[in-house]
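final.cif (mmCIF, N, CA and C atoms) appears below.
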data_structure
loop_
_atom_site.label_atom_id
_atom_site.label_comp_id
_atom_site.auth_asym_id
_atom_site.auth_seq_id
_atom_site.Cartn_x
_atom_site.Cartn_y
_atom_site.Cartn_z
N GLN A 10 -22.00 21.76 -29.69
CA GLN A 10 -21.95 20.33 -29.97
C GLN A 10 -21.49 19.57 -28.74
N VAL A 11 -22.06 18.39 -28.56
CA VAL A 11 -21.67 17.52 -27.45
C VAL A 11 -21.40 16.14 -28.03
N GLN A 12 -20.28 15.56 -27.68
CA GLN A 12 -19.95 14.20 -28.09
C GLN A 12 -20.05 13.29 -26.87
N LEU A 13 -20.64 12.13 -27.08
CA LEU A 13 -20.87 11.20 -25.98
C LEU A 13 -20.24 9.85 -26.32
N VAL A 14 -19.52 9.28 -25.38
CA VAL A 14 -18.90 7.98 -25.58
C VAL A 14 -19.22 7.09 -24.38
N GLU A 15 -19.92 5.99 -24.65
CA GLU A 15 -20.28 5.06 -23.59
C GLU A 15 -19.20 3.99 -23.45
N SER A 16 -19.13 3.42 -22.27
CA SER A 16 -18.25 2.29 -22.01
C SER A 16 -18.78 1.52 -20.82
N GLY A 17 -18.26 0.32 -20.62
CA GLY A 17 -18.62 -0.46 -19.44
C GLY A 17 -19.56 -1.62 -19.69
N GLY A 18 -20.04 -1.77 -20.92
CA GLY A 18 -20.91 -2.89 -21.21
C GLY A 18 -20.15 -4.20 -21.19
N GLY A 19 -20.90 -5.29 -21.28
CA GLY A 19 -20.27 -6.59 -21.29
C GLY A 19 -21.25 -7.69 -21.01
N LEU A 20 -20.72 -8.86 -20.72
CA LEU A 20 -21.52 -10.04 -20.42
C LEU A 20 -21.48 -10.29 -18.92
N VAL A 21 -22.64 -10.49 -18.34
CA VAL A 21 -22.74 -10.73 -16.89
C VAL A 21 -23.84 -11.75 -16.63
N GLN A 22 -23.70 -12.49 -15.56
CA GLN A 22 -24.73 -13.45 -15.20
C GLN A 22 -25.89 -12.74 -14.50
N ALA A 23 -27.05 -13.35 -14.58
CA ALA A 23 -28.22 -12.80 -13.89
C ALA A 23 -27.91 -12.64 -12.41
N GLY A 24 -28.34 -11.51 -11.87
CA GLY A 24 -28.06 -11.18 -10.49
C GLY A 24 -26.79 -10.36 -10.30
N GLY A 25 -26.01 -10.25 -11.35
CA GLY A 25 -24.75 -9.51 -11.28
C GLY A 25 -24.94 -8.02 -11.48
N SER A 26 -23.81 -7.31 -11.54
CA SER A 26 -23.83 -5.85 -11.65
C SER A 26 -22.87 -5.39 -12.74
N LEU A 27 -23.18 -4.24 -13.30
CA LEU A 27 -22.30 -3.55 -14.23
C LEU A 27 -22.45 -2.05 -13.99
N ARG A 28 -21.39 -1.31 -14.29
CA ARG A 28 -21.49 0.14 -14.26
C ARG A 28 -21.12 0.69 -15.63
N LEU A 29 -22.06 1.39 -16.23
CA LEU A 29 -21.82 2.04 -17.50
C LEU A 29 -21.36 3.48 -17.27
N SER A 30 -20.50 3.93 -18.16
CA SER A 30 -20.02 5.32 -18.11
C SER A 30 -20.32 6.01 -19.42
N CYS A 31 -20.58 7.29 -19.35
CA CYS A 31 -20.80 8.10 -20.53
C CYS A 31 -19.97 9.37 -20.39
N ALA A 32 -18.91 9.46 -21.16
CA ALA A 32 -18.04 10.62 -21.12
C ALA A 32 -18.51 11.64 -22.15
N ALA A 33 -18.73 12.85 -21.70
CA ALA A 33 -19.21 13.92 -22.57
C ALA A 33 -18.10 14.92 -22.85
N SER A 34 -17.98 15.33 -24.09
CA SER A 34 -17.05 16.39 -24.45
C SER A 34 -17.80 17.44 -25.24
N GLY A 35 -17.29 18.65 -25.18
CA GLY A 35 -18.01 19.74 -25.81
C GLY A 35 -18.76 20.53 -24.76
N ARG A 36 -19.70 21.32 -25.22
CA ARG A 36 -20.39 22.24 -24.33
C ARG A 36 -21.56 21.55 -23.62
N THR A 37 -21.50 21.50 -22.31
CA THR A 37 -22.62 20.99 -21.53
C THR A 37 -23.22 22.14 -20.73
N VAL A 38 -24.50 22.08 -20.50
CA VAL A 38 -25.21 23.15 -19.83
C VAL A 38 -25.89 22.58 -18.60
N SER A 39 -25.71 23.26 -17.49
CA SER A 39 -26.19 22.71 -16.22
C SER A 39 -27.68 22.43 -16.22
N GLY A 40 -28.46 23.20 -16.96
CA GLY A 40 -29.90 23.00 -16.95
C GLY A 40 -30.38 21.86 -17.82
N GLU A 41 -29.48 21.34 -18.64
CA GLU A 41 -29.87 20.26 -19.54
C GLU A 41 -29.77 18.90 -18.83
N PHE A 42 -30.29 17.88 -19.52
CA PHE A 42 -30.34 16.53 -18.96
C PHE A 42 -29.41 15.59 -19.69
N MET A 43 -28.93 14.61 -18.92
CA MET A 43 -28.27 13.44 -19.49
C MET A 43 -29.16 12.25 -19.16
N ALA A 44 -29.19 11.29 -20.05
CA ALA A 44 -30.08 10.16 -19.83
C ALA A 44 -29.48 8.89 -20.41
N TRP A 45 -30.04 7.78 -19.95
CA TRP A 45 -29.73 6.47 -20.52
C TRP A 45 -30.98 5.88 -21.12
N PHE A 46 -30.82 5.31 -22.30
CA PHE A 46 -31.86 4.57 -22.98
C PHE A 46 -31.30 3.19 -23.30
N ARG A 47 -32.18 2.28 -23.68
CA ARG A 47 -31.72 0.98 -24.16
C ARG A 47 -32.65 0.49 -25.26
N GLN A 48 -32.09 -0.38 -26.07
CA GLN A 48 -32.88 -0.98 -27.15
C GLN A 48 -32.49 -2.44 -27.29
N ALA A 49 -33.47 -3.30 -27.08
CA ALA A 49 -33.29 -4.73 -27.24
C ALA A 49 -33.66 -5.11 -28.67
N PRO A 50 -33.15 -6.24 -29.17
CA PRO A 50 -33.47 -6.65 -30.54
C PRO A 50 -34.98 -6.78 -30.74
N GLY A 51 -35.47 -6.17 -31.80
CA GLY A 51 -36.88 -6.26 -32.13
C GLY A 51 -37.78 -5.39 -31.30
N LYS A 52 -37.20 -4.57 -30.42
CA LYS A 52 -38.01 -3.71 -29.55
C LYS A 52 -37.67 -2.25 -29.79
N GLU A 53 -38.58 -1.39 -29.36
CA GLU A 53 -38.33 0.04 -29.49
C GLU A 53 -37.36 0.50 -28.40
N ARG A 54 -36.72 1.63 -28.68
CA ARG A 54 -35.82 2.21 -27.69
C ARG A 54 -36.62 2.60 -26.45
N GLU A 55 -36.05 2.33 -25.30
CA GLU A 55 -36.75 2.50 -24.03
C GLU A 55 -35.97 3.45 -23.12
N PHE A 56 -36.65 4.42 -22.53
CA PHE A 56 -36.03 5.31 -21.55
C PHE A 56 -35.72 4.53 -20.28
N ILE A 57 -34.53 4.80 -19.71
CA ILE A 57 -34.13 4.11 -18.48
C ILE A 57 -34.04 5.08 -17.31
N ALA A 58 -33.27 6.15 -17.47
CA ALA A 58 -33.05 7.07 -16.36
C ALA A 58 -32.51 8.39 -16.89
N LYS A 59 -32.75 9.45 -16.14
CA LYS A 59 -32.19 10.75 -16.52
C LYS A 59 -31.79 11.53 -15.28
N ILE A 60 -30.87 12.49 -15.49
CA ILE A 60 -30.39 13.34 -14.42
C ILE A 60 -30.01 14.68 -15.03
N ARG A 61 -30.26 15.75 -14.29
CA ARG A 61 -29.85 17.06 -14.77
C ARG A 61 -28.35 17.22 -14.54
N TRP A 62 -27.68 17.88 -15.44
CA TRP A 62 -26.24 18.06 -15.31
C TRP A 62 -25.89 18.73 -13.98
N SER A 63 -26.74 19.62 -13.52
CA SER A 63 -26.48 20.30 -12.25
C SER A 63 -26.81 19.43 -11.05
N GLY A 64 -27.36 18.24 -11.32
CA GLY A 64 -27.73 17.33 -10.23
C GLY A 64 -29.20 17.40 -9.96
N GLY A 65 -29.75 16.37 -9.39
CA GLY A 65 -31.16 16.36 -9.08
C GLY A 65 -32.02 16.03 -10.29
N ASN A 66 -33.34 16.18 -10.09
CA ASN A 66 -34.31 15.86 -11.15
C ASN A 66 -34.04 14.48 -11.74
N ILE A 67 -33.83 13.51 -10.88
CA ILE A 67 -33.56 12.15 -11.30
C ILE A 67 -34.87 11.40 -11.48
N ASN A 68 -34.97 10.70 -12.59
CA ASN A 68 -36.15 9.89 -12.87
C ASN A 68 -35.72 8.53 -13.42
N TYR A 69 -36.51 7.51 -13.11
CA TYR A 69 -36.23 6.16 -13.57
C TYR A 69 -37.47 5.56 -14.20
N ALA A 70 -37.23 4.66 -15.14
CA ALA A 70 -38.33 3.84 -15.65
C ALA A 70 -38.72 2.85 -14.55
N ASP A 71 -39.98 2.49 -14.53
CA ASP A 71 -40.46 1.56 -13.50
C ASP A 71 -39.72 0.23 -13.57
N SER A 72 -39.30 -0.16 -14.77
CA SER A 72 -38.66 -1.46 -14.95
C SER A 72 -37.30 -1.56 -14.26
N VAL A 73 -36.70 -0.42 -13.91
CA VAL A 73 -35.36 -0.46 -13.31
C VAL A 73 -35.30 0.17 -11.93
N LYS A 74 -36.39 0.73 -11.46
CA LYS A 74 -36.40 1.37 -10.14
C LYS A 74 -35.97 0.40 -9.06
N GLY A 75 -35.09 0.87 -8.19
CA GLY A 75 -34.59 0.03 -7.11
C GLY A 75 -33.43 -0.84 -7.50
N ARG A 76 -33.14 -0.95 -8.80
CA ARG A 76 -32.01 -1.78 -9.25
C ARG A 76 -30.92 -0.95 -9.91
N PHE A 77 -31.29 0.10 -10.61
CA PHE A 77 -30.33 0.95 -11.34
C PHE A 77 -30.23 2.29 -10.64
N ALA A 78 -29.04 2.91 -10.76
CA ALA A 78 -28.85 4.24 -10.20
C ALA A 78 -28.02 5.08 -11.16
N ILE A 79 -28.52 6.28 -11.46
CA ILE A 79 -27.80 7.20 -12.33
C ILE A 79 -27.12 8.24 -11.47
N SER A 80 -25.92 8.62 -11.89
CA SER A 80 -25.18 9.65 -11.16
C SER A 80 -24.29 10.39 -12.14
N ARG A 81 -23.73 11.51 -11.70
CA ARG A 81 -22.84 12.25 -12.60
C ARG A 81 -21.67 12.81 -11.82
N ASP A 82 -20.57 12.99 -12.53
CA ASP A 82 -19.37 13.62 -11.98
C ASP A 82 -19.05 14.78 -12.92
N ASN A 83 -19.46 15.97 -12.52
CA ASN A 83 -19.28 17.12 -13.40
C ASN A 83 -17.80 17.43 -13.64
N GLY A 84 -16.96 17.12 -12.66
CA GLY A 84 -15.54 17.37 -12.84
C GLY A 84 -14.95 16.54 -13.96
N LYS A 85 -15.53 15.35 -14.15
CA LYS A 85 -15.06 14.46 -15.22
C LYS A 85 -15.98 14.50 -16.43
N ASN A 86 -17.03 15.33 -16.37
CA ASN A 86 -18.01 15.37 -17.46
C ASN A 86 -18.51 13.98 -17.82
N THR A 87 -18.83 13.22 -16.80
CA THR A 87 -19.21 11.82 -17.01
C THR A 87 -20.48 11.50 -16.23
N VAL A 88 -21.35 10.73 -16.87
CA VAL A 88 -22.56 10.23 -16.23
C VAL A 88 -22.44 8.71 -16.14
N TYR A 89 -22.92 8.17 -15.04
CA TYR A 89 -22.79 6.74 -14.79
C TYR A 89 -24.18 6.11 -14.67
N LEU A 90 -24.24 4.83 -14.96
CA LEU A 90 -25.43 4.04 -14.69
C LEU A 90 -24.97 2.77 -13.98
N GLN A 91 -25.23 2.73 -12.68
CA GLN A 91 -24.93 1.53 -11.90
C GLN A 91 -26.11 0.59 -12.01
N MET A 92 -25.86 -0.62 -12.49
CA MET A 92 -26.93 -1.59 -12.72
C MET A 92 -26.69 -2.79 -11.83
N ASN A 93 -27.62 -3.03 -10.92
CA ASN A 93 -27.54 -4.16 -9.99
C ASN A 93 -28.69 -5.13 -10.23
N SER A 94 -28.54 -6.31 -9.69
CA SER A 94 -29.60 -7.34 -9.81
C SER A 94 -30.05 -7.48 -11.26
N LEU A 95 -29.10 -7.60 -12.15
CA LEU A 95 -29.42 -7.65 -13.57
C LEU A 95 -30.20 -8.91 -13.92
N LYS A 96 -31.10 -8.74 -14.88
CA LYS A 96 -31.95 -9.83 -15.36
C LYS A 96 -31.70 -10.04 -16.85
N PRO A 97 -32.01 -11.23 -17.35
CA PRO A 97 -31.87 -11.44 -18.81
C PRO A 97 -32.65 -10.41 -19.63
N ASP A 98 -33.79 -9.93 -19.11
CA ASP A 98 -34.58 -8.92 -19.82
C ASP A 98 -33.86 -7.57 -19.92
N ASP A 99 -32.79 -7.39 -19.17
CA ASP A 99 -32.01 -6.15 -19.26
C ASP A 99 -31.04 -6.17 -20.44
N THR A 100 -30.95 -7.30 -21.12
CA THR A 100 -30.07 -7.40 -22.28
C THR A 100 -30.50 -6.43 -23.37
N ALA A 101 -29.57 -5.58 -23.79
CA ALA A 101 -29.88 -4.56 -24.79
C ALA A 101 -28.61 -3.78 -25.10
N VAL A 102 -28.71 -2.94 -26.12
CA VAL A 102 -27.69 -1.93 -26.34
C VAL A 102 -28.10 -0.69 -25.54
N TYR A 103 -27.21 -0.20 -24.74
CA TYR A 103 -27.49 0.94 -23.88
C TYR A 103 -26.87 2.20 -24.48
N TYR A 104 -27.68 3.24 -24.56
CA TYR A 104 -27.26 4.49 -25.16
C TYR A 104 -27.31 5.63 -24.15
N CYS A 105 -26.33 6.48 -24.23
CA CYS A 105 -26.32 7.71 -23.47
C CYS A 105 -26.84 8.82 -24.38
N ALA A 106 -27.58 9.76 -23.80
CA ALA A 106 -28.13 10.85 -24.59
C ALA A 106 -28.08 12.14 -23.78
N ALA A 107 -28.01 13.25 -24.50
CA ALA A 107 -28.00 14.57 -23.86
C ALA A 107 -29.00 15.48 -24.54
N THR A 108 -29.60 16.33 -23.74
CA THR A 108 -30.60 17.25 -24.31
C THR A 108 -29.97 18.57 -24.70
N MET A 109 -30.64 19.22 -25.62
CA MET A 109 -30.37 20.62 -25.93
C MET A 109 -31.74 21.25 -26.11
N GLY A 110 -32.02 22.25 -25.30
CA GLY A 110 -33.37 22.77 -25.32
C GLY A 110 -34.37 21.74 -24.82
N LEU A 111 -33.88 20.85 -23.92
CA LEU A 111 -34.69 19.81 -23.28
C LEU A 111 -35.19 18.77 -24.26
N ARG A 112 -34.57 18.68 -25.42
CA ARG A 112 -34.86 17.60 -26.36
C ARG A 112 -33.59 16.77 -26.49
N TYR A 113 -33.75 15.44 -26.60
CA TYR A 113 -32.59 14.56 -26.73
C TYR A 113 -32.05 14.68 -28.14
N VAL A 114 -30.95 15.40 -28.23
CA VAL A 114 -30.36 15.70 -29.53
C VAL A 114 -29.08 14.93 -29.76
N TYR A 115 -28.32 14.74 -28.71
CA TYR A 115 -27.01 14.10 -28.83
C TYR A 115 -27.08 12.66 -28.30
N TRP A 116 -26.45 11.74 -29.06
CA TRP A 116 -26.48 10.33 -28.72
C TRP A 116 -25.09 9.74 -28.83
N GLY A 117 -24.81 8.77 -27.95
CA GLY A 117 -23.59 8.02 -28.07
C GLY A 117 -23.78 6.86 -29.04
N GLN A 118 -22.72 6.08 -29.20
CA GLN A 118 -22.75 4.97 -30.17
C GLN A 118 -23.35 3.72 -29.58
N GLY A 119 -23.50 3.68 -28.26
CA GLY A 119 -24.10 2.53 -27.61
C GLY A 119 -23.08 1.54 -27.10
N THR A 120 -23.47 0.81 -26.06
CA THR A 120 -22.63 -0.25 -25.52
C THR A 120 -23.52 -1.44 -25.19
N GLN A 121 -23.07 -2.63 -25.58
CA GLN A 121 -23.88 -3.84 -25.44
C GLN A 121 -23.80 -4.38 -24.02
N VAL A 122 -24.96 -4.67 -23.47
CA VAL A 122 -25.07 -5.36 -22.18
C VAL A 122 -25.81 -6.66 -22.41
N THR A 123 -25.20 -7.76 -22.03
CA THR A 123 -25.82 -9.07 -22.18
C THR A 123 -25.85 -9.75 -20.83
N VAL A 124 -27.05 -10.16 -20.42
CA VAL A 124 -27.24 -10.82 -19.13
C VAL A 124 -27.65 -12.27 -19.39
N SER A 125 -26.83 -13.18 -18.95
CA SER A 125 -27.12 -14.60 -19.17
C SER A 125 -27.89 -15.18 -17.98
N SER A 126 -28.74 -16.13 -18.28
CA SER A 126 -29.57 -16.74 -17.22
C SER A 126 -28.86 -17.91 -16.57
#

Could you render the structure as structure tokens?
Amino acid sequence: QVQLVESGGGLVQAGGSLRLSCAASGRTVSGEFMAWFRQAPGKEREFIAKIRWSGGNINYADSVKGRFAISRDNGKNTVYLQMNSLKPDDTAVYYCAATMGLRYVYWGQGTQVTVSS
């Protein structure tokens, strides 16, 4: 079992930055992935970025490339999402997720990010 707790959301003006954190507890496996998703009101959940626990294999959605960066600190069992140049369209609930058997099985409770214009 893996438990995930996100933090770092909030209200920011367009062009600003936020850093989200996802603290994982329980058994993590180096070959598995951690990822960030988001869901805006009335929209489907959208993949944002992923990283392998062992590092590398980083992928981003086209909508955030060049603005967001995912990283991890294995010593702290934490994954981060640095979000720069935020836009109102980035407003959503952001979720952290972890794979088991390369399927996203574990999810956090989400953290709200609101970008004002």

Output check: residues returned by the PyMOL selection byres ((chain A and resi 92) around 6.5), as a ChimeraX atom specification: /A:25-29,76-78,90-91,93-95

Just-selected residues, N, CA and C atoms written as a compact mmCIF listing (two decimals), keeping the file's coordinate frame:
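Listed below is the output, result-v9.txt:
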# COMPACT_ATOMS: atom_id res chain seq x y z
N GLY A 25 -26.01 -10.25 -11.35
CA GLY A 25 -24.75 -9.51 -11.28
C GLY A 25 -24.94 -8.02 -11.48
N SER A 26 -23.81 -7.31 -11.54
CA SER A 26 -23.83 -5.85 -11.65
C SER A 26 -22.87 -5.39 -12.74
N LEU A 27 -23.18 -4.24 -13.30
CA LEU A 27 -22.30 -3.55 -14.23
C LEU A 27 -22.45 -2.05 -13.99
N ARG A 28 -21.39 -1.31 -14.29
CA ARG A 28 -21.49 0.14 -14.26
C ARG A 28 -21.12 0.69 -15.63
N LEU A 29 -22.06 1.39 -16.23
CA LEU A 29 -21.82 2.04 -17.50
C LEU A 29 -21.36 3.48 -17.27
N ARG A 76 -33.14 -0.95 -8.80
CA ARG A 76 -32.01 -1.78 -9.25
C ARG A 76 -30.92 -0.95 -9.91
N PHE A 77 -31.29 0.10 -10.61
CA PHE A 77 -30.33 0.95 -11.34
C PHE A 77 -30.23 2.29 -10.64
N ALA A 78 -29.04 2.91 -10.76
CA ALA A 78 -28.85 4.24 -10.20
C ALA A 78 -28.02 5.08 -11.16
N LEU A 90 -24.24 4.83 -14.96
CA LEU A 90 -25.43 4.04 -14.69
C LEU A 90 -24.97 2.77 -13.98
N GLN A 91 -25.23 2.73 -12.68
CA GLN A 91 -24.93 1.53 -11.90
C GLN A 91 -26.11 0.59 -12.01
N ASN A 93 -27.62 -3.03 -10.92
CA ASN A 93 -27.54 -4.16 -9.99
C ASN A 93 -28.69 -5.13 -10.23
N SER A 94 -28.54 -6.31 -9.69
CA SER A 94 -29.60 -7.34 -9.81
C SER A 94 -30.05 -7.48 -11.26
N LEU A 95 -29.10 -7.60 -12.15
CA LEU A 95 -29.42 -7.65 -13.57
C LEU A 95 -30.20 -8.91 -13.92

Between A:Trp62, A:Gly110, A:Val14, A:Gly19, which has the minimum distance to Thr123 of chain A (counting only N, CA and C atoms)? A:Gly19

Would you compute the distance between atom N of Ala101 of chain A and atom CA of Ala32 of chain A? Give it in Å to one decimal. 20.1 Å

Name the residues that the PyMOL selection byres ((chain A and resi 124) around 6) pulls out of this structure, and write them as an MDAnalysis selection string. chainID A and resid 20:23 96:97 99:100 122:123 125:126

Could you list the residues chosen by the PyMOL selection byres ((chain A and resi 45) around 6.5) in this structure as a list of chain:residue names?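 Applying the expression gives A:Met43, A:Ala44, A:Phe46, A:Arg47, A:Glu55, A:Phe56, A:Ile57, A:Ala58, A:Lys59, A:Tyr103, A:Tyr104, A:Cys105, A:Ala106.
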
Please measure the separation of atom N of Arg112 of chain A and atom CA of Asp98 of chain A, giving the value in Å to one decimal.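 That distance, rounded to one decimal, is 28.2 Å.
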
Interatomic distance between atom CA of Arg61 of chain A and atom CA of Gln12 of chain A?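 Going from atom CA of Arg61 of chain A over to atom CA of Gln12 of chain A covers 16.8 Å.
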
Would you pick out the contacts of Tyr115 of chain A at 8 Å or less, using only C-alpha atoms, so that residues sharing its chain but fewer than 6 positions from it are not included, and give the list as an mmCIF file with N, CA and C atoms, in the frame of the given file?
data_model
loop_
_atom_site.group_PDB
_atom_site.id
_atom_site.type_symbol
_atom_site.label_atom_id
_atom_site.label_comp_id
_atom_site.auth_asym_id
_atom_site.auth_seq_id
_atom_site.Cartn_x
_atom_site.Cartn_y
_atom_site.Cartn_z
ATOM 1 N N VAL A 11 -22.060 18.390 -28.560
ATOM 2 C CA VAL A 11 -21.670 17.520 -27.450
ATOM 3 C C VAL A 11 -21.400 16.140 -28.030
ATOM 4 N N GLN A 12 -20.280 15.560 -27.680
ATOM 5 C CA GLN A 12 -19.950 14.200 -28.090
ATOM 6 C C GLN A 12 -20.050 13.290 -26.870
ATOM 7 N N LEU A 13 -20.640 12.130 -27.080
ATOM 8 C CA LEU A 13 -20.870 11.200 -25.980
ATOM 9 C C LEU A 13 -20.240 9.850 -26.320
ATOM 10 N N ALA A 106 -27.580 9.760 -23.800
ATOM 11 C CA ALA A 106 -28.130 10.850 -24.590
ATOM 12 C C ALA A 106 -28.080 12.140 -23.780
ATOM 13 N N ALA A 107 -28.010 13.250 -24.500
ATOM 14 C CA ALA A 107 -28.000 14.570 -23.860
ATOM 15 C C ALA A 107 -29.000 15.480 -24.540
ATOM 16 N N THR A 108 -29.600 16.330 -23.740
ATOM 17 C CA THR A 108 -30.600 17.250 -24.310
ATOM 18 C C THR A 108 -29.970 18.570 -24.700
ATOM 19 N N MET A 109 -30.640 19.220 -25.620
ATOM 20 C CA MET A 109 -30.370 20.620 -25.930
ATOM 21 C C MET A 109 -31.740 21.250 -26.110
#

When you look at Thr87 of chain A with a cut-off of 8 Å (counting all atoms listed in the file), what residues show up, excluding the ones that are within fewer than 2 positions of it in the same chain? I need them as a count of residues only. 13

Go through A:Ile67, A:Val38, A:Val88, A:Val102 one by one, measure the shortest atom-to-atom distance of each to Thr120 of chain A using only C-alpha atoms, and give the residue with the smallest value.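 Closest candidate: A:Val102.
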
Assign secondary structure with DSSP using the backbone only, and return the residues of chain A in strand (DSSP E or B) as JSON, numbers by chain. {"A": [11, 12, 13, 14, 15, 16, 19, 20, 21, 22, 27, 28, 29, 30, 31, 32, 33, 34, 35, 42, 43, 44, 45, 46, 47, 48, 55, 56, 57, 58, 59, 60, 61, 68, 69, 77, 78, 79, 80, 81, 82, 87, 88, 89, 90, 91, 92, 101, 102, 103, 104, 105, 106, 107, 108, 109, 112, 113, 114, 115, 116, 120, 121, 122, 123, 124, 125]}
